[in-house]
Number of protein chains: 2
Amino acid sequence: MKFGILIFDGVEELDFVGPWELLKLWSSLADGPEECLIVSEQSRPVDCAKGMSVNAHVTFADCPPLNYLLIPGGMGIRKEVSNTALLNFVSCQAQNTSALLSVCTGSFVLQAAGLLTGRKATTHWGSLDRLRVFDDTEVVEERFVRDGNVWTAAGISAGMDLMLAFIADTAGDAAAGKVQAQAEYYPANATYGDFAGTDSAPGYLKDER
Amino acid sequence: MKFGILIFDGVEELDFVGPWELLKLWSSLADGPEECLIVSEQSRPVDCAKGMSVNAHVTFADCPPLNYLLIPGGMGIRKEVSNTALLNFVSCQAQNTSALLSVCTGSFVLQAAGLLTGRKATTHWGSLDRLRVFDDTEVVEERFVRDGNVWTAAGISAGMDLMLAFIADTAGDAAAGKVQAQAEYYPANATYGDFAGTDSAPGYLKDER
């Protein structure tokens, strides 16, 4: 099995590194995908949204057919939704994938490639209204949502919760448990400030209060 | 203010990218450190523990005096605790920093540099016993612990909880709240498998059950 994670200039760092970490733990600890690839359009270093510089493993041209493809978000998405080469890459890969996943505003690439039509999806709370503009997609305010073989997560850190749920669904509870334990992903139940009490907060956060 | 994050071959990806993301959000949204730097010994790309390739911003030789320094962990630590150049870099920077932070097995570098003497500290649950070997450090099984100006976190993802607590302590609850909201770090309360019920589980996780 081959799992690819797409990156591009302006990709949000944690959007893709959170899932990458859990993916690689799945691969090494619980018979997850043998081949895990970070993919970019060109071979030069990618400048992430917050200033980190990353070298992808393969370019679009070199990338083998993937079983799973994850698309992170970030400010770079606003440009990439009009990048024909990137949309073509996603569309062509999507014909063979068993699942497509996005984190944060990565869902806008799925939308631009026509892959959210008739589906429930989500994104970063600050971009929910921008996603609602598209009539063909039902926007939900969950931390992550699965609709068939398309999984979309809310903002930045939500990709980790999505990834664990995806592993549990694909490989079982015990596999996800091994990954969660090794990543020690048992977050503190701490909240700072009063965001959950504001109108901007996504539904899942308001419901939790 | 200048905040540096140390990387090296075999650094665990999420150990440093989790804090990096939150640090940069702090910087941009809530008057956090103006200069945020990823630092490595040499200028060549760093090969992370799980196969990601990252280009640091500065080398040891170029790095300015830092106000804060964070040391992530990963399998590479087992080599770095004997790397004189790295230990010298950390020791010299520590003379001027207001705070030192580590994630996962990064605490072993602090220990090797003599910076945990007489302090409480923690690490990844799988390495707690290895840290207990050192008589000069009191090992605790918390998700993160602060002892004076030294903050240490448990494994991999725990660096994010540490970072938010550090921001709250340094810049106040509202600043940490802005960062938490933008990163949408309100993790799902999901656990997979039965790790928390095993002897290996760290104290903070057993206590939560």
# chains A, B, ... in the order shown; residues from 1 in each chain; ligands from 1
$ calpha_fit_and_write --fixed "chain B" --moving "chain A" --output "compact mmCIF listing (two decimals) with C-alpha atoms, in the first residue's frame"
# COMPACT_ATOMS: atom_id res chain seq x y z
CA MET A 1 12.84 37.93 21.55
CA LYS A 2 14.41 34.94 19.80
CA PHE A 3 13.09 31.38 20.09
CA GLY A 4 15.18 28.52 18.71
CA ILE A 5 14.20 24.92 18.02
CA LEU A 6 17.07 22.47 17.67
CA ILE A 7 16.95 19.70 15.05
CA PHE A 8 19.36 16.88 14.17
CA ASP A 9 19.35 13.63 12.18
CA GLY A 10 16.81 11.28 13.72
CA VAL A 11 14.72 14.06 15.30
CA GLU A 12 11.09 12.99 15.68
CA GLU A 13 8.97 15.04 13.31
CA LEU A 14 6.00 15.91 15.49
CA ASP A 15 8.23 16.57 18.52
CA PHE A 16 9.40 19.79 16.92
CA VAL A 17 6.73 20.68 14.36
CA GLY A 18 3.93 20.71 16.95
CA PRO A 19 5.70 23.35 19.07
CA TRP A 20 6.92 25.15 15.91
CA GLU A 21 3.35 25.61 14.67
CA LEU A 22 2.16 26.99 18.00
CA LEU A 23 5.24 29.16 18.40
CA LYS A 24 4.72 30.77 15.01
CA LEU A 25 1.03 31.36 15.71
CA TRP A 26 2.02 32.99 18.99
CA SER A 27 4.50 35.15 17.11
CA SER A 28 2.00 36.31 14.48
CA LEU A 29 -1.23 36.51 16.50
CA ALA A 30 -0.21 37.52 19.99
CA ASP A 31 3.11 39.34 20.00
CA GLY A 32 5.20 36.23 20.57
CA PRO A 33 8.93 36.06 19.77
CA GLU A 34 9.80 38.11 16.66
CA GLU A 35 12.49 35.71 15.55
CA CYS A 36 11.75 31.96 15.42
CA LEU A 37 14.56 29.77 14.19
CA ILE A 38 15.04 26.10 13.42
CA VAL A 39 18.69 25.37 14.19
CA SER A 40 20.94 22.48 13.15
CA GLU A 41 24.63 21.77 13.48
CA GLN A 42 25.37 21.89 9.76
CA SER A 43 23.69 23.49 6.77
CA ARG A 44 22.79 20.28 4.92
CA PRO A 45 19.21 18.93 5.08
CA VAL A 46 18.29 17.10 8.29
CA ASP A 47 16.88 13.57 7.96
CA CYS A 48 14.14 13.18 10.55
CA ALA A 49 13.36 9.96 12.39
CA LYS A 50 10.36 9.12 10.22
CA GLY A 51 11.95 10.12 6.91
CA MET A 52 10.99 13.77 6.47
CA SER A 53 13.77 16.04 5.18
CA VAL A 54 13.98 19.56 6.63
CA ASN A 55 16.28 22.52 5.98
CA ALA A 56 17.13 24.46 9.13
CA HIS A 57 17.24 28.26 9.13
CA VAL A 58 20.62 28.61 10.85
CA THR A 59 23.60 26.51 11.91
CA PHE A 60 25.16 26.47 15.36
CA ALA A 61 27.79 28.89 14.03
CA ASP A 62 25.20 31.37 12.69
CA CYS A 63 22.69 31.15 15.50
CA PRO A 64 22.25 34.34 17.55
CA PRO A 65 21.89 34.21 21.35
CA LEU A 66 18.43 32.81 22.07
CA ASN A 67 15.93 33.81 24.72
CA TYR A 68 14.26 30.41 24.54
CA LEU A 69 15.53 27.05 23.30
CA LEU A 70 13.44 23.91 22.69
CA ILE A 71 15.01 20.49 22.23
CA PRO A 72 12.87 17.78 20.64
CA GLY A 73 13.55 14.05 20.91
CA GLY A 74 13.67 11.05 18.63
CA MET A 75 15.96 8.10 18.03
CA GLY A 76 18.72 10.51 17.00
CA ILE A 77 19.03 11.59 20.64
CA ARG A 78 20.91 8.40 21.49
CA LYS A 79 23.74 9.67 19.31
CA GLU A 80 23.41 13.38 20.11
CA VAL A 81 23.90 12.92 23.88
CA SER A 82 27.53 12.21 22.98
CA ASN A 83 27.87 14.98 20.39
CA THR A 84 30.19 17.53 21.98
CA ALA A 85 29.36 20.24 19.43
CA LEU A 86 25.65 19.91 20.17
CA LEU A 87 26.10 19.78 23.95
CA ASN A 88 28.38 22.83 23.80
CA PHE A 89 25.80 24.69 21.73
CA VAL A 90 23.07 23.91 24.26
CA SER A 91 25.25 24.71 27.28
CA CYS A 92 26.41 28.04 25.88
CA GLN A 93 22.91 29.09 24.80
CA ALA A 94 21.56 28.03 28.21
CA GLN A 95 23.67 30.69 29.91
CA ASN A 96 21.47 33.38 28.37
CA THR A 97 18.06 31.77 27.90
CA SER A 98 15.05 32.68 30.01
CA ALA A 99 13.70 29.18 29.53
CA LEU A 100 14.77 25.77 28.22
CA LEU A 101 12.18 23.34 26.92
CA SER A 102 12.34 19.73 25.79
CA VAL A 103 9.92 17.28 24.23
CA CYS A 104 10.03 13.49 24.49
CA THR A 105 13.62 12.21 24.74
CA GLY A 106 14.96 15.72 24.20
CA SER A 107 15.28 15.79 27.99
CA PHE A 108 18.29 13.44 27.66
CA VAL A 109 20.21 16.24 25.96
CA LEU A 110 19.36 18.59 28.81
CA GLN A 111 20.54 15.90 31.21
CA ALA A 112 23.77 15.28 29.29
CA ALA A 113 24.46 19.03 29.34
CA GLY A 114 24.02 19.06 33.12
CA LEU A 115 20.88 21.17 32.93
CA LEU A 116 18.50 18.81 34.75
CA THR A 117 20.54 18.56 37.96
CA GLY A 118 18.25 18.96 40.96
CA ARG A 119 15.18 19.30 38.76
CA LYS A 120 11.97 17.45 38.05
CA ALA A 121 11.70 16.28 34.46
CA THR A 122 9.88 13.86 32.20
CA THR A 123 10.19 12.09 28.84
CA HIS A 124 8.40 9.59 26.59
CA TRP A 125 6.81 6.80 28.65
CA GLY A 126 9.06 4.26 26.92
CA SER A 127 12.16 6.08 28.18
CA LEU A 128 11.16 6.96 31.77
CA ASP A 129 13.29 4.16 33.22
CA ARG A 130 16.31 5.26 31.21
CA LEU A 131 15.94 8.76 32.64
CA ARG A 132 15.62 7.36 36.18
CA VAL A 133 19.16 6.03 35.88
CA PHE A 134 20.42 9.56 36.54
CA ASP A 135 20.38 10.25 40.26
CA ASP A 136 20.45 14.01 39.91
CA THR A 137 17.01 14.25 38.28
CA GLU A 138 13.57 13.58 39.76
CA VAL A 139 11.55 11.83 37.07
CA VAL A 140 7.82 12.52 37.09
CA GLU A 141 5.09 10.91 34.98
CA GLU A 142 3.23 14.05 33.97
CA ARG A 143 2.26 15.14 30.47
CA PHE A 144 4.67 18.01 31.01
CA VAL A 145 6.43 19.48 34.00
CA ARG A 146 7.96 22.83 34.78
CA ASP A 147 10.77 23.20 37.27
CA GLY A 148 11.94 26.80 37.40
CA ASN A 149 12.96 27.79 33.89
CA VAL A 150 13.18 24.21 32.61
CA TRP A 151 10.08 22.72 30.97
CA THR A 152 10.04 19.08 29.86
CA ALA A 153 7.26 17.21 28.07
CA ALA A 154 6.33 13.56 27.71
CA GLY A 155 6.36 11.84 24.32
CA ILE A 156 5.94 13.24 20.80
CA SER A 157 2.55 15.01 20.85
CA ALA A 158 2.98 16.23 24.44
CA GLY A 159 5.13 19.07 23.15
CA MET A 160 1.99 20.86 22.01
CA ASP A 161 0.44 20.82 25.47
CA LEU A 162 3.74 22.02 26.92
CA MET A 163 3.96 24.83 24.38
CA LEU A 164 0.46 26.13 25.07
CA ALA A 165 1.13 26.09 28.81
CA PHE A 166 4.43 27.87 28.23
CA ILE A 167 2.72 30.56 26.14
CA ALA A 168 0.04 31.00 28.81
CA ASP A 169 2.72 31.37 31.47
CA THR A 170 4.85 33.76 29.44
CA ALA A 171 2.22 35.85 27.66
CA GLY A 172 -1.04 35.14 29.47
CA ASP A 173 -4.19 33.10 29.07
CA ALA A 174 -5.61 35.25 26.25
CA ALA A 175 -2.48 34.83 24.12
CA ALA A 176 -2.53 31.05 24.57
CA GLY A 177 -6.24 31.12 23.76
CA LYS A 178 -5.65 32.85 20.43
CA VAL A 179 -3.00 30.29 19.50
CA GLN A 180 -5.15 27.37 20.58
CA ALA A 181 -8.14 28.66 18.58
CA GLN A 182 -6.15 29.26 15.40
CA ALA A 183 -4.49 25.82 15.64
CA GLU A 184 -7.93 24.45 16.49
CA TYR A 185 -6.24 22.40 19.20
CA TYR A 186 -9.33 21.00 20.88
CA PRO A 187 -8.52 17.33 20.44
CA ALA A 188 -11.17 14.64 20.28
CA ASN A 189 -11.46 12.76 23.53
CA ALA A 190 -10.98 9.42 21.78
CA THR A 191 -8.79 6.57 22.95
CA TYR A 192 -8.04 3.45 20.97
CA GLY A 193 -6.80 0.12 22.28
CA ASP A 194 -6.15 -0.44 25.98
CA PHE A 195 -2.76 1.17 26.59
CA ALA A 196 -3.97 3.22 29.57
CA GLY A 197 -4.73 -0.04 31.37
CA THR A 198 -1.23 -1.46 30.98
CA ASP A 199 1.74 -1.19 33.33
CA SER A 200 3.71 0.75 30.72
CA ALA A 201 1.28 3.67 30.65
CA PRO A 202 2.62 6.86 32.26
CA GLY A 203 1.14 7.98 35.56
CA TYR A 204 -0.83 10.91 34.17
CA LEU A 205 -2.70 8.59 31.82
CA LYS A 206 -3.50 6.01 34.49
CA ASP A 207 -4.73 8.77 36.80
CA GLU A 208 -7.11 10.02 34.13
CA ARG A 209 -8.94 6.74 33.88
$ select_by_dssp --residues "stretch 1-207 of chain B" --states "alpha helix (DSSP H)" --output "PyMOL selection string"
chain B and resi 13-29+77-80+84-94+107-112+128-132+158-171+173-183+203-207
$ select_by_dssp --residues "stretch 107-174 of chain B" --states "strand (DSSP E or B)" --output "list in words"
Arg119, Lys120, Ala121, Thr137, Glu138, Val139, Phe144, Val145, Arg146, Asp147, Val150, Trp151, Thr152 and Ala153 of chain B
$ write_last_selection --atoms "C-alpha atoms" --output "compact mmCIF listing (two decimals), in the first residue's frame"
# COMPACT_ATOMS: atom_id res chain seq x y z
CA ARG B 119 15.20 19.29 38.76
CA LYS B 120 11.97 17.46 38.07
CA ALA B 121 11.70 16.28 34.47
CA THR B 137 17.01 14.25 38.29
CA GLU B 138 13.57 13.57 39.77
CA VAL B 139 11.55 11.83 37.07
CA PHE B 144 4.68 18.00 31.02
CA VAL B 145 6.43 19.49 34.01
CA ARG B 146 7.96 22.84 34.77
CA ASP B 147 10.78 23.21 37.27
CA VAL B 150 13.18 24.20 32.61
CA TRP B 151 10.07 22.73 30.97
CA THR B 152 10.04 19.09 29.85
CA ALA B 153 7.25 17.22 28.06
